[in-house]
>>> print(open('start_12.tsv').read())   # TSV, C-alpha atoms
chain	number	residue	atom	x	y	z
A	306	MET	CA	0.00	0.00	0.00
A	307	PRO	CA	1.52	3.36	-0.94
A	308	LEU	CA	2.11	6.23	1.42
A	309	THR	CA	-0.07	9.32	0.96
A	310	LEU	CA	2.12	12.38	1.25
A	311	GLN	CA	0.87	15.90	1.62
A	312	ILE	CA	3.19	18.89	1.93
A	313	VAL	CA	1.41	22.04	3.02
A	314	THR	CA	2.48	25.53	3.99
A	315	ALA	CA	0.36	28.25	5.53
A	316	GLU	CA	-0.24	29.62	2.03
A	317	ARG	CA	-0.87	26.58	-0.11
A	318	ILE	CA	-0.72	22.86	-0.74
A	319	VAL	CA	2.68	22.27	-2.33
A	320	TYR	CA	2.56	18.55	-2.98
A	321	SER	CA	-0.07	15.88	-2.62
A	322	GLU	CA	0.53	12.39	-4.05
A	323	GLU	CA	0.83	8.71	-3.26
A	324	VAL	CA	4.50	7.80	-2.91
A	325	ASP	CA	6.72	4.82	-2.10
A	326	VAL	CA	9.40	6.41	0.07
A	327	LEU	CA	9.80	9.74	1.81
A	328	VAL	CA	13.16	10.97	3.07
A	329	ALA	CA	12.96	14.06	5.27
A	330	PRO	CA	15.43	16.10	7.37
A	331	GLY	CA	14.33	15.51	10.98
A	332	VAL	CA	15.87	17.57	13.73
A	333	VAL	CA	17.60	14.50	15.18
A	334	GLY	CA	18.69	13.20	11.78
A	335	GLU	CA	17.48	12.24	8.37
A	336	LEU	CA	14.38	10.05	8.39
A	337	GLY	CA	13.24	7.53	5.81
A	338	ILE	CA	9.52	6.88	5.96
A	339	LEU	CA	7.98	3.82	4.34
A	340	PRO	CA	4.30	2.91	4.28
A	341	SER	CA	2.89	1.61	7.61
A	342	HIS	CA	5.32	3.61	9.72
A	343	ALA	CA	4.44	4.06	13.40
A	344	PRO	CA	2.76	7.36	14.33
A	345	LEU	CA	5.46	10.00	14.53
A	346	LEU	CA	5.72	13.72	15.03
A	347	THR	CA	9.05	15.40	14.58
A	348	ILE	CA	10.45	18.88	14.15
A	349	MET	CA	12.24	19.30	10.80
A	350	GLN	CA	15.37	21.27	10.11
A	351	PRO	CA	16.02	23.18	6.88
A	352	GLY	CA	16.99	20.75	4.15
A	353	GLU	CA	15.74	18.72	1.26
A	354	ILE	CA	12.89	16.28	1.10
A	355	ARG	CA	13.25	13.39	-1.32
A	356	VAL	CA	10.22	11.57	-2.59
A	357	ASP	CA	10.49	8.28	-4.50
A	358	LYS	CA	7.63	7.24	-6.66
A	359	GLY	CA	8.46	4.26	-8.84
A	360	GLU	CA	11.56	5.28	-10.82
A	361	GLU	CA	10.88	8.96	-10.38
A	362	GLN	CA	12.51	11.05	-7.68
A	363	THR	CA	11.29	14.49	-6.65
A	364	TYR	CA	13.19	16.96	-4.51
A	365	ILE	CA	11.60	19.68	-2.42
A	366	ALA	CA	13.39	22.30	-0.33
A	367	VAL	CA	11.97	23.05	3.12
A	368	SER	CA	13.04	25.71	5.60
A	369	GLY	CA	11.80	23.83	8.66
A	370	GLY	CA	8.47	22.76	10.09
A	371	PHE	CA	6.93	19.51	11.26
A	372	LEU	CA	6.52	16.01	9.88
A	373	GLU	CA	3.57	13.98	11.04
A	374	VAL	CA	3.07	10.32	10.16
A	375	ILE	CA	-0.11	8.55	11.06
A	376	GLY	CA	-1.27	5.33	9.47
A	377	ASN	CA	-0.39	5.47	5.80
A	378	LYS	CA	-0.52	9.22	5.68
A	379	ALA	CA	2.42	11.59	6.04
A	380	THR	CA	1.82	15.30	6.40
A	381	ILE	CA	4.54	17.90	6.30
A	382	LEU	CA	3.67	21.26	7.81
A	383	ALA	CA	6.43	23.31	6.24
A	384	ASP	CA	7.38	26.90	7.03
A	385	THR	CA	8.20	27.22	3.33
A	386	ALA	CA	8.45	24.52	0.68
A	387	GLU	CA	9.51	24.77	-2.95
A	388	ARG	CA	9.88	22.18	-5.66
A	389	ALA	CA	13.16	22.14	-7.60
A	390	GLU	CA	11.57	23.64	-10.70
A	391	GLU	CA	10.23	26.59	-8.72
A	392	ILE	CA	13.65	27.73	-7.55
A	393	ASP	CA	15.79	30.09	-9.61
A	394	GLU	CA	19.33	28.75	-9.21
A	395	ALA	CA	21.16	32.04	-9.81
A	396	ARG	CA	19.05	33.84	-7.25
A	397	ALA	CA	19.37	30.99	-4.77
A	398	GLU	CA	23.13	31.28	-5.13
A	399	GLU	CA	22.99	34.99	-4.40
A	400	ALA	CA	20.85	34.33	-1.35
A	401	VAL	CA	23.55	31.98	0.01
A	402	LYS	CA	26.20	34.68	-0.49
A	403	ARG	CA	24.07	37.32	1.21
A	404	ALA	CA	23.40	35.01	4.13
A	405	GLU	CA	27.13	34.26	4.47
A	406	GLU	CA	27.89	37.98	4.52
A	407	ARG	CA	25.43	38.38	7.33
A	408	ILE	CA	27.45	35.93	9.42
A	409	GLU	CA	30.51	38.16	8.97
A	410	SER	CA	28.66	41.27	10.03
A	411	ALA	CA	26.70	39.73	12.91
A	412	THR	CA	27.16	41.75	16.08
A	413	SER	CA	25.17	39.77	18.65
A	414	ALA	CA	24.67	36.11	19.40
A	415	GLN	CA	21.08	36.42	18.25
A	416	ASP	CA	22.15	37.98	14.95
A	417	LEU	CA	24.64	35.20	14.42
A	418	GLU	CA	22.06	32.53	15.13
A	419	ARG	CA	19.65	34.08	12.65
A	420	ALA	CA	22.36	34.41	10.01
A	421	LEU	CA	23.37	30.77	10.47
A	422	ALA	CA	19.77	29.68	10.12
A	423	SER	CA	19.37	31.68	6.94
A	424	VAL	CA	22.58	30.14	5.52
A	425	ARG	CA	21.19	26.67	6.21
A	426	ARG	CA	17.88	27.55	4.57
A	427	SER	CA	19.42	29.12	1.50
A	428	GLN	CA	21.90	26.26	1.06
A	429	ALA	CA	19.06	23.75	1.17
A	430	ARG	CA	17.26	25.68	-1.58
A	431	LEU	CA	20.37	25.86	-3.73
A	432	LYS	CA	21.03	22.16	-3.34
A	433	VAL	CA	17.52	21.33	-4.49
A	434	ALA	CA	17.70	23.83	-7.37
A	435	ARG	CA	20.87	22.12	-8.63
A	436	ARG	CA	19.17	18.71	-8.62
A	437	ARG	CA	17.03	19.83	-11.49
A	438	ASN	CA	19.90	20.71	-13.80
A	439	ARG	CA	21.66	17.46	-13.27
A	440	ALA	CA	21.04	14.65	-15.77
A	441	PRO	CA	17.90	12.81	-14.64
A	442	ARG	CA	19.72	9.55	-14.07
A	443	ALA	CA	22.88	8.26	-15.72
A	444	GLU	CA	22.39	5.50	-18.28
A	445	MET	CA	23.80	2.16	-17.35
A	446	PRO	CA	27.13	1.78	-19.12
A	447	THR	CA	26.83	-0.66	-21.96
A	448	GLY	CA	29.45	-2.95	-23.46
B	1440	MET	CA	-15.28	42.96	-12.52
B	1441	ILE	CA	-11.76	43.45	-11.21
B	1442	ALA	CA	-13.31	43.30	-7.77
B	1443	ALA	CA	-14.93	39.95	-8.65
B	1444	SER	CA	-11.65	38.31	-9.68
B	1445	LYS	CA	-9.86	39.72	-6.64
B	1446	MET	CA	-12.65	38.35	-4.50
B	1447	ARG	CA	-12.34	34.86	-5.99
B	1448	ARG	CA	-8.60	34.87	-5.43
B	1449	ALA	CA	-8.96	36.03	-1.83
B	1450	GLN	CA	-11.54	33.34	-1.15
B	1451	GLU	CA	-9.27	30.72	-2.69
B	1452	MET	CA	-6.34	31.81	-0.53
B	1453	ALA	CA	-8.44	31.51	2.60
B	1454	LEU	CA	-9.38	27.99	1.50
B	1455	GLN	CA	-5.84	26.89	0.60
B	1456	SER	CA	-4.52	27.71	4.05
B	1457	ARG	CA	-7.16	25.62	5.77
B	1458	PRO	CA	-5.45	22.16	5.74
B	1459	TYR	CA	-2.37	23.61	7.45
B	1460	ALA	CA	-4.42	25.35	10.11
B	1461	GLU	CA	-6.57	22.32	10.85
B	1462	ASP	CA	-3.66	19.93	11.08
B	1463	MET	CA	-1.86	22.25	13.42
B	1464	ARG	CA	-4.90	22.44	15.70
B	1465	ASN	CA	-5.07	18.62	15.84
B	1466	LEU	CA	-1.38	18.28	16.62
B	1467	LEU	CA	-1.65	20.85	19.37
B	1468	ALA	CA	-4.61	19.04	20.93
B	1469	ASP	CA	-2.67	15.76	20.94
B	1470	LEU	CA	0.38	17.44	22.46
B	1471	ALA	CA	-1.66	19.12	25.15
B	1472	ALA	CA	-3.12	15.74	26.15
B	1473	GLN	CA	0.39	14.30	26.71
B	1474	PRO	CA	1.25	13.60	30.30
B	1475	ALA	CA	3.50	16.46	31.36
B	1476	PRO	CA	4.92	17.59	34.68
B	1477	ASP	CA	2.38	19.84	36.37
B	1478	ASP	CA	5.13	22.23	37.42
B	1479	GLU	CA	4.49	25.86	36.46
B	1480	GLU	CA	7.87	26.25	34.83
B	1481	TYR	CA	7.23	23.39	32.39
B	1482	ILE	CA	4.13	25.11	31.05
B	1483	HIS	CA	4.97	27.07	27.93
B	1484	PRO	CA	4.62	30.86	28.45
B	1485	LEU	CA	1.98	31.11	25.71
B	1486	LEU	CA	-0.22	28.58	27.53
B	1487	ARG	CA	0.00	30.13	31.00
B	1488	ARG	CA	-3.20	31.74	32.18
B	1489	ARG	CA	-3.31	34.57	34.65
B	1490	GLU	CA	-5.78	37.10	35.97
B	1491	ILE	CA	-6.62	39.57	33.22
B	1492	LYS	CA	-5.65	43.12	34.11
B	1493	ARG	CA	-4.48	44.29	30.70
B	1494	ALA	CA	-5.98	43.12	27.44
B	1495	GLU	CA	-4.69	43.80	23.97
B	1496	ILE	CA	-6.82	43.74	20.84
B	1497	VAL	CA	-5.42	43.19	17.36
B	1498	VAL	CA	-7.88	45.01	15.11
B	1499	ILE	CA	-7.78	43.93	11.46
B	1500	THR	CA	-9.58	46.26	9.04
B	1501	PRO	CA	-9.23	47.20	5.36
B	1502	ASP	CA	-6.80	49.96	4.39
B	1503	ARG	CA	-9.26	51.56	2.02
B	1504	GLY	CA	-12.96	52.34	1.98
B	1505	LEU	CA	-15.67	51.67	-0.60
B	1506	THR	CA	-16.55	48.47	1.21
B	1507	GLY	CA	-20.06	49.35	2.24
B	1508	GLY	CA	-20.32	49.42	6.02
B	1509	LEU	CA	-17.69	46.74	6.62
B	1510	HIS	CA	-15.09	48.69	8.56
B	1511	SER	CA	-17.63	50.61	10.62
B	1512	ARG	CA	-19.20	47.32	11.70
B	1513	ILE	CA	-15.80	45.99	12.83
B	1514	ASN	CA	-15.07	49.26	14.60
B	1515	ARG	CA	-18.42	49.16	16.39
B	1516	ALA	CA	-17.81	45.58	17.57
B	1517	VAL	CA	-14.35	46.59	18.82
B	1518	GLY	CA	-15.75	49.69	20.51
B	1519	GLU	CA	-18.34	47.65	22.38
B	1520	PHE	CA	-15.73	45.08	23.36
B	1521	ILE	CA	-13.44	47.78	24.75
B	1522	LEU	CA	-16.27	49.37	26.76
B	1523	GLU	CA	-17.20	46.00	28.28
B	1524	ARG	CA	-13.60	45.31	29.30
B	1525	GLN	CA	-13.25	48.77	30.81
B	1526	LYS	CA	-16.41	48.24	32.82
B	1527	GLU	CA	-14.71	45.17	34.32
B	1528	GLY	CA	-11.73	47.34	35.19
B	1529	VAL	CA	-9.45	45.87	32.53
B	1530	GLU	CA	-7.00	48.18	30.80
B	1531	THR	CA	-7.00	47.87	27.02
B	1532	SER	CA	-4.51	48.60	24.30
B	1533	ILE	CA	-4.67	48.21	20.54
B	1534	ILE	CA	-2.57	46.90	17.70
B	1535	ALA	CA	-4.11	48.28	14.52
B	1536	VAL	CA	-3.75	46.32	11.29
B	1537	GLY	CA	-5.20	48.40	8.45
B	1538	ARG	CA	-5.83	52.13	8.24
B	1539	LYS	CA	-9.60	52.19	8.74
B	1540	GLY	CA	-9.34	50.72	12.22
B	1541	ARG	CA	-6.33	52.84	13.08
B	1542	ASP	CA	-8.12	56.07	12.15
B	1543	PHE	CA	-11.15	55.19	14.26
B	1544	LEU	CA	-9.16	54.09	17.31
B	1545	VAL	CA	-6.80	57.05	17.24
B	1546	ARG	CA	-9.76	59.41	16.87
B	1547	THR	CA	-11.47	57.88	19.91
B	1548	GLY	CA	-8.32	58.22	21.99
B	1549	GLN	CA	-7.43	54.55	22.45
B	1550	GLU	CA	-3.90	53.49	23.35
B	1551	VAL	CA	-2.64	52.31	19.95
B	1552	ARG	CA	0.66	50.52	20.52
B	1553	ALA	CA	1.49	49.60	16.94
B	1554	VAL	CA	0.16	50.08	13.45
B	1555	PHE	CA	0.56	47.72	10.49
B	1556	SER	CA	-0.76	48.56	7.05
B	1557	ASP	CA	-0.29	47.85	3.34
B	1558	LEU	CA	-0.49	44.09	3.69
B	1559	GLY	CA	-1.96	44.02	0.18
B	1560	ASP	CA	-4.42	41.70	-1.50
B	1561	ARG	CA	-2.27	38.58	-1.30
B	1562	PRO	CA	-0.51	38.61	2.05
B	1563	GLU	CA	1.96	35.82	2.80
B	1564	LEU	CA	2.73	34.38	6.20
B	1565	GLU	CA	6.01	36.35	6.24
B	1566	ASP	CA	4.06	39.63	5.94
B	1567	VAL	CA	2.00	38.80	9.00
B	1568	ARG	CA	4.67	37.26	11.22
B	1569	PRO	CA	5.85	40.57	12.76
B	1570	ILE	CA	2.33	41.08	14.18
B	1571	ALA	CA	2.31	37.61	15.73
B	1572	THR	CA	5.86	38.02	17.04
B	1573	LEU	CA	4.90	41.28	18.71
B	1574	VAL	CA	1.93	39.82	20.60
B	1575	ASN	CA	3.88	36.66	21.47
B	1576	ASP	CA	6.60	38.80	23.04
B	1577	GLU	CA	4.15	41.02	24.88
B	1578	TYR	CA	2.32	38.03	26.29
B	1579	GLY	CA	5.48	36.10	27.08
B	1580	GLU	CA	6.95	39.07	28.95
B	1581	GLU	CA	3.66	39.54	30.82
B	1582	ARG	CA	3.05	43.05	29.54
B	1583	VAL	CA	-0.47	41.95	28.68
B	1584	ASP	CA	-2.61	39.18	30.19
B	1585	ALA	CA	-4.80	38.39	27.20
B	1586	VAL	CA	-4.77	39.08	23.48
B	1587	TYR	CA	-7.83	39.17	21.23
B	1588	LEU	CA	-8.23	39.21	17.46
B	1589	ALA	CA	-10.92	41.38	15.87
B	1590	TYR	CA	-11.66	40.92	12.18
B	1591	ALA	CA	-14.41	40.36	9.64
B	1592	ASP	CA	-15.12	36.65	9.36
B	1593	PHE	CA	-15.89	35.70	5.77
B	1594	VAL	CA	-19.18	33.78	5.69
B	1595	SER	CA	-20.23	34.31	2.09
B	1596	THR	CA	-20.03	36.88	-0.66
B	1597	VAL	CA	-22.92	38.82	0.84
B	1598	THR	CA	-22.32	38.09	4.52
B	1599	GLN	CA	-19.30	39.09	6.59
B	1600	ARG	CA	-19.48	38.85	10.35
B	1601	PRO	CA	-17.36	41.01	12.66
B	1602	VAL	CA	-15.85	38.81	15.37
B	1603	VAL	CA	-13.66	39.37	18.42
B	1604	GLN	CA	-12.01	36.15	19.53
B	1605	PRO	CA	-9.32	35.19	22.04
B	1606	LEU	CA	-5.80	34.59	20.66
B	1607	LEU	CA	-3.65	34.32	23.78
B	1608	PRO	CA	-3.29	32.43	26.02
B	1609	VAL	CA	-3.51	29.51	23.61
B	1610	VAL	CA	-6.25	27.09	24.65
B	1611	PRO	CA	-5.73	23.72	22.94
B	1612	ALA	CA	-8.81	21.74	22.00
B	1613	GLU	CA	-9.70	19.01	24.51
B	1614	LEU	CA	-9.10	15.52	23.22
B	1615	GLU	CA	-10.95	12.36	24.20
B	1616	TYR	CA	-8.65	9.57	25.35
B	1617	LYS	CA	-9.73	7.34	22.46
B	1618	ASP	CA	-8.78	10.02	19.94
B	1619	MET	CA	-5.20	10.25	21.16
B	1620	VAL	CA	-2.77	9.01	18.55
B	1621	GLY	CA	0.24	8.29	20.69
B	1622	TYR	CA	2.89	9.76	18.41
B	1623	ILE	CA	6.56	9.13	18.80
B	1624	TYR	CA	7.75	12.67	19.49
B	1625	GLU	CA	11.15	13.75	18.23
B	1626	PRO	CA	13.01	15.09	20.07
B	1627	ASP	CA	10.35	15.16	22.89
B	1628	PRO	CA	6.84	16.52	23.52
B	1629	LEU	CA	7.94	19.67	25.37
B	1630	THR	CA	10.38	20.71	22.63
B	1631	VAL	CA	7.84	20.03	19.91
B	1632	MET	CA	5.26	22.03	21.83
B	1633	ALA	CA	7.68	24.95	22.19
B	1634	ALA	CA	8.29	24.92	18.43
B	1635	LEU	CA	4.63	24.50	17.54
B	1636	LEU	CA	3.05	27.20	19.70
B	1637	PRO	CA	4.57	30.34	18.13
B	1638	ARG	CA	3.72	28.97	14.67
B	1639	PHE	CA	0.19	28.28	15.84
B	1640	VAL	CA	-0.20	31.91	16.84
B	1641	ASP	CA	1.34	33.03	13.50
B	1642	MET	CA	-1.20	30.88	11.76
B	1643	GLN	CA	-4.17	32.23	13.74
B	1644	VAL	CA	-3.20	35.79	12.87
B	1645	TYR	CA	-2.54	34.88	9.24
B	1646	HIS	CA	-5.87	33.13	8.99
B	1647	ALA	CA	-7.66	36.18	10.41
B	1648	VAL	CA	-5.91	38.42	7.87
B	1649	LEU	CA	-6.93	36.14	4.99
B	1650	GLU	CA	-10.54	36.07	6.20
B	1651	SER	CA	-10.42	39.82	6.47
B	1652	VAL	CA	-9.06	40.23	2.92
B	1653	ALA	CA	-11.74	37.90	1.53
B	1654	SER	CA	-14.41	39.86	3.42
B	1655	GLU	CA	-13.03	43.17	2.19
B	1656	GLN	CA	-12.96	42.10	-1.46
B	1657	SER	CA	-16.47	40.64	-1.25
B	1658	ALA	CA	-17.89	43.70	0.48
B	1659	ARG	CA	-16.21	45.92	-2.08
B	1660	MET	CA	-17.57	43.91	-4.98
B	1661	VAL	CA	-21.10	44.08	-3.58
B	1662	ALA	CA	-20.74	47.81	-2.85
B	1663	MET	CA	-19.45	48.43	-6.37
B	1664	ARG	CA	-22.25	46.42	-7.91
B	1665	ASN	CA	-24.84	48.35	-5.90
B	1666	ALA	CA	-23.23	51.60	-6.99
B	1667	THR	CA	-23.31	50.50	-10.65
B	1668	ASP	CA	-26.95	49.38	-10.36
B	1669	ASN	CA	-27.96	52.66	-8.72
B	1670	ALA	CA	-26.11	54.68	-11.34
B	1671	ASN	CA	-27.79	52.71	-14.16
B	1672	ASP	CA	-31.21	53.24	-12.58
B	1673	MET	CA	-30.50	56.95	-12.29
B	1674	VAL	CA	-29.39	57.14	-15.95
B	1675	ALA	CA	-32.65	55.46	-17.01
B	1676	ASP	CA	-34.78	57.81	-14.88
B	1677	LEU	CA	-32.97	60.91	-16.10
B	1678	THR	CA	-33.15	59.81	-19.76
B	1679	LEU	CA	-36.89	59.32	-19.38
B	1680	ALA	CA	-37.31	62.74	-17.75
B	1681	MET	CA	-35.24	64.37	-20.49
B	1682	ASN	CA	-37.26	62.74	-23.28
B	1683	LYS	CA	-40.52	63.76	-21.64
B	1684	ALA	CA	-39.36	67.36	-21.34
B	1685	ARG	CA	-38.19	67.40	-24.96
B	1686	GLN	CA	-41.48	65.99	-26.22
B	1687	GLU	CA	-43.47	68.48	-24.19
B	1688	SER	CA	-41.54	71.41	-25.60
B	1689	ILE	CA	-41.99	70.11	-29.17
B	1690	THR	CA	-45.73	69.64	-28.58
B	1691	SER	CA	-46.14	73.14	-27.23
B	1692	GLU	CA	-44.13	74.61	-30.13
B	1693	LEU	CA	-46.32	72.69	-32.61
B	1694	LEU	CA	-49.44	73.99	-30.88
B	1695	ASP	CA	-48.07	77.54	-31.15
B	1696	ILE	CA	-47.42	77.18	-34.89
B	1697	VAL	CA	-50.75	75.50	-35.60
B	1698	GLY	CA	-52.54	78.13	-33.49
B	1699	GLY	CA	-50.65	80.95	-35.27
B	1700	ALA	CA	-51.43	79.54	-38.74
B	1701	ALA	CA	-55.12	79.20	-37.86
B	1702	ALA	CA	-55.21	82.86	-36.70
B	1703	VAL	CA	-53.61	84.08	-39.98
B	1704	GLU	CA	-56.07	82.07	-42.11
B	1705	ALA	CA	-59.07	83.31	-40.23
>>> encode(input="start_12.tsv", output="structure tokens")
Amino acid sequence: MPLTLQIVTAERIVYSEEVDVLVAPGVVGELGILPSHAPLLTIMQPGEIRVDKGEEQTYIAVSGGFLEVIGNKATILADTAERAEEIDEARAEEAVKRAEERIESATSAQDLERALASVRRSQARLKVARRRNRAPRAEMPTG
Amino acid sequence: MIAASKMRRAQEMALQSRPYAEDMRNLLADLAAQPAPDDEEYIHPLLRRREIKRAEIVVITPDRGLTGGLHSRINRAVGEFILERQKEGVETSIIAVGRKGRDFLVRTGQEVRAVFSDLGDRPELEDVRPIATLVNDEYGEERVDAVYLAYADFVSTVTQRPVVQPLLPVVPAELEYKDMVGYIYEPDPLTVMAALLPRFVDMQVYHAVLESVASEQSARMVAMRNATDNANDMVADLTLAMNKARQESITSELLDIVGGAAAVEA
């Protein structure tokens, strides 16, 4: 039985499909969720979500939130979530640079913490954006 | 018809944010039902209840008029709410979101602590977060003992209901024992609760703003349609009056000529 995955933010439903495997960045480590997982509620850190559906893999960048698994249904309450094709790579790259500059210029511990968080978020977005431009999957070498 | 398409979009936005809001409410209810140490210091600041001496009201109104009586109905509801609180000896202060509410509350001499405006027709959560952060801080630091949200609840295109509802302290829904899921919490229930609560408040405020935008667009569309209908009616009445007057003057001129000709012939 497949796993029903729904990724929602406060603004919209980002993703809603039946999937085989979900890999998400939990706050205590990366989690792989298969169908019939025990009920789980975890905080997520900024990172990438990978969804396997047959041969197809989809990547989605999240900036944090919660993952809830109950029965065969997984729900991700994301602060923000973007699919690879929605992210502009050049702008994502700039965002990483800006965030890194903010670390340099941070004056208080709170500033620094915020800057670090924004670096993590922007790096996650960039990583996902780059997934799209990579060849879908290398052909098996022949001969 | 611009108003009609804006209205549809605003209604859609309010609908799209619903799954997130509902799921968050359920999670919070399950968390609140977890066995937790009864010690005061383990209770999250946003859940702690205390005697209400100072109340703060977040008043969400449109920035612009031409919405029929929408903003004056919200303002009246807020006014009544403030008077009731003051009768109970509770001090009140205001956070105004939108110019129409701000104007009214400043004019009536209320203590307006902060003003937010220009949220636009398609606000995102990020646009609203500063409001939620402000009230979270004020409540957490015990500068106020209760926070309320006042806005126009969107019922339908023709009906918008002004409401004043409690925002803080957060009161999680009660859960029956049989409805408890028994999640594995990572890292642990208290940490998850601490992460969830501020977002829950963000979401409540965001939801109220979306409802308010949908109400505003609907009220404006209805007001505009009424204005167009009235103007069309008036054009029809005036055209009729003009034609009548023209015909009368032609008739009387004709009578003059005919009368004159008859006099000459005689």
>>> residues_near_point(input="start_12.tsv", point="(16.8, 27.5, -8.3)", cutoff="8 Å", atoms="all atoms listed in the file", output="MDAnalysis selection string")
chainID A and resid 389:397 430:431 433:435
>>> interface_residues(input="start_12.tsv", of="chain A", to="chain B", cutoff="8 Å", atoms="all atoms listed in the file", output="ChimeraX atom specification")
/A:313-318,332-333,343-348,375,382
>>> residues_around(input="start_12.tsv", residues="B:Gln1450", least_positions_apart="4", cutoff="9 Å", atoms="all atoms listed in the file", output="mmCIF file with C-alpha atoms, in the frame of the given file")
data_model
loop_
_atom_site.group_PDB
_atom_site.id
_atom_site.type_symbol
_atom_site.label_atom_id
_atom_site.label_comp_id
_atom_site.auth_asym_id
_atom_site.auth_seq_id
_atom_site.Cartn_x
_atom_site.Cartn_y
_atom_site.Cartn_z
ATOM 1 C CA LYS B 1445 -9.860 39.720 -6.640
ATOM 2 C CA MET B 1446 -12.650 38.350 -4.500
ATOM 3 C CA LEU B 1454 -9.380 27.990 1.500
ATOM 4 C CA GLN B 1455 -5.840 26.890 0.600
ATOM 5 C CA PHE B 1593 -15.890 35.700 5.770
ATOM 6 C CA LEU B 1649 -6.930 36.140 4.990
ATOM 7 C CA GLU B 1650 -10.540 36.070 6.200
ATOM 8 C CA VAL B 1652 -9.060 40.230 2.920
ATOM 9 C CA ALA B 1653 -11.740 37.900 1.530
ATOM 10 C CA SER B 1654 -14.410 39.860 3.420
ATOM 11 C CA GLN B 1656 -12.960 42.100 -1.460
ATOM 12 C CA SER B 1657 -16.470 40.640 -1.250
#
>>> atom_distance(input="start_12.tsv", atom1="atom CA of A:Arg403", atom2="atom CA of B:Leu1636")
29.8 Å
>>> atom_distance(input="start_12.tsv", atom1="atom CA of B:Glu1613", atom2="atom CA of B:Val1644")
21.4 Å
>>> atom_distance(input="start_12.tsv", atom1="atom CA of B:Pro1608", atom2="atom CA of B:Asp1469")
17.4 Å
>>> residues_around(input="start_12.tsv", residues="A:Gly331", least_positions_apart="4", cutoff="6 Å", atoms="all atoms listed in the file", output="PyMOL selection string")
chain A and resi 335+349-350
>>> residues_near_point(input="start_12.tsv", point="(9.4, 15.3, -10.2)", cutoff="10 Å", atoms="all atoms listed in the file", output="list in words")
Arg355, Val356, Asp357, Lys358, Glu361, Gln362, Thr363, Tyr364, Ile365, Arg388, Ala389, Glu390, Arg437 and Pro441 of chain A
>>> closest_residue(input="start_12.tsv", among="A:Thr412, A:Ala429, A:Glu399, A:Leu308", to="A:Pro330", atoms="all atoms listed in the file")
A:Ala429
>>> closest_residue(input="start_12.tsv", among="B:Glu1704, B:Glu1519, B:Glu1527, B:Asp1557", to="B:Pro1601", atoms="only C-alpha atoms")
B:Glu1519
>>> closest_residue(input="start_12.tsv", among="A:Leu339, A:Val374, A:Tyr320, A:Ser423", to="A:Ala400", atoms="all atoms listed in the file")
A:Ser423
>>> residues_around(input="start_12.tsv", residues="A:Lys402", least_positions_apart="6", cutoff="10 Å", atoms="all atoms listed in the file", output="JSON, numbers by chain")
{"A": [396, 424, 427, 428]}
>>> write_last_selection(input="start_12.tsv", atoms="C-alpha atoms", output="PDB file, in the coordinates of the input")
ATOM      1  CA  ARG A 396      19.050  33.840  -7.250  1.00  0.00           C
ATOM      2  CA  VAL A 424      22.580  30.140   5.520  1.00  0.00           C
ATOM      3  CA  SER A 427      19.420  29.120   1.500  1.00  0.00           C
ATOM      4  CA  GLN A 428      21.900  26.260   1.060  1.00  0.00           C
TER       5      GLN A 428
END
>>> closest_residue(input="start_12.tsv", among="B:Leu1677, B:Tyr1590, B:Ala1612, B:Val1697", to="B:Ser1511", atoms="only C-alpha atoms")
B:Tyr1590
>>> residues_around(input="start_12.tsv", residues="A:Ile312", least_positions_apart="4", cutoff="6 Å", atoms="all atoms listed in the file", output="PyMOL selection string")
chain A and resi 319-320+380-381
>>> residues_around(input="start_12.tsv", residues="B:Leu1544", least_positions_apart="5", cutoff="10 Å", atoms="all atoms listed in the file", output="PDB file with C-alpha atoms, keeping the file's coordinate frame")
ATOM      1  CA  VAL B1498      -7.880  45.010  15.110  1.00  0.00           C
ATOM      2  CA  ASN B1514     -15.070  49.260  14.600  1.00  0.00           C
ATOM      3  CA  VAL B1517     -14.350  46.590  18.820  1.00  0.00           C
ATOM      4  CA  GLY B1518     -15.750  49.690  20.510  1.00  0.00           C
ATOM      5  CA  ILE B1533      -4.670  48.210  20.540  1.00  0.00           C
ATOM      6  CA  ILE B1534      -2.570  46.900  17.700  1.00  0.00           C
ATOM      7  CA  ALA B1535      -4.110  48.280  14.520  1.00  0.00           C
ATOM      8  CA  ARG B1538      -5.830  52.130   8.240  1.00  0.00           C
ATOM      9  CA  LYS B1539      -9.600  52.190   8.740  1.00  0.00           C
ATOM     10  CA  GLN B1549      -7.430  54.550  22.450  1.00  0.00           C
ATOM     11  CA  GLU B1550      -3.900  53.490  23.350  1.00  0.00           C
ATOM     12  CA  VAL B1551      -2.640  52.310  19.950  1.00  0.00           C
TER      13      VAL B1551
END
>>> closest_residue(input="start_12.tsv", among="A:Ala366, A:His342, A:Val328, A:Lys378", to="A:Thr309", atoms="only C-alpha atoms")
A:Lys378
>>> closest_residue(input="start_12.tsv", among="A:Ala404, A:Ser368, A:Val324, A:Ile338", to="A:Glu353", atoms="all atoms listed in the file")
A:Ser368
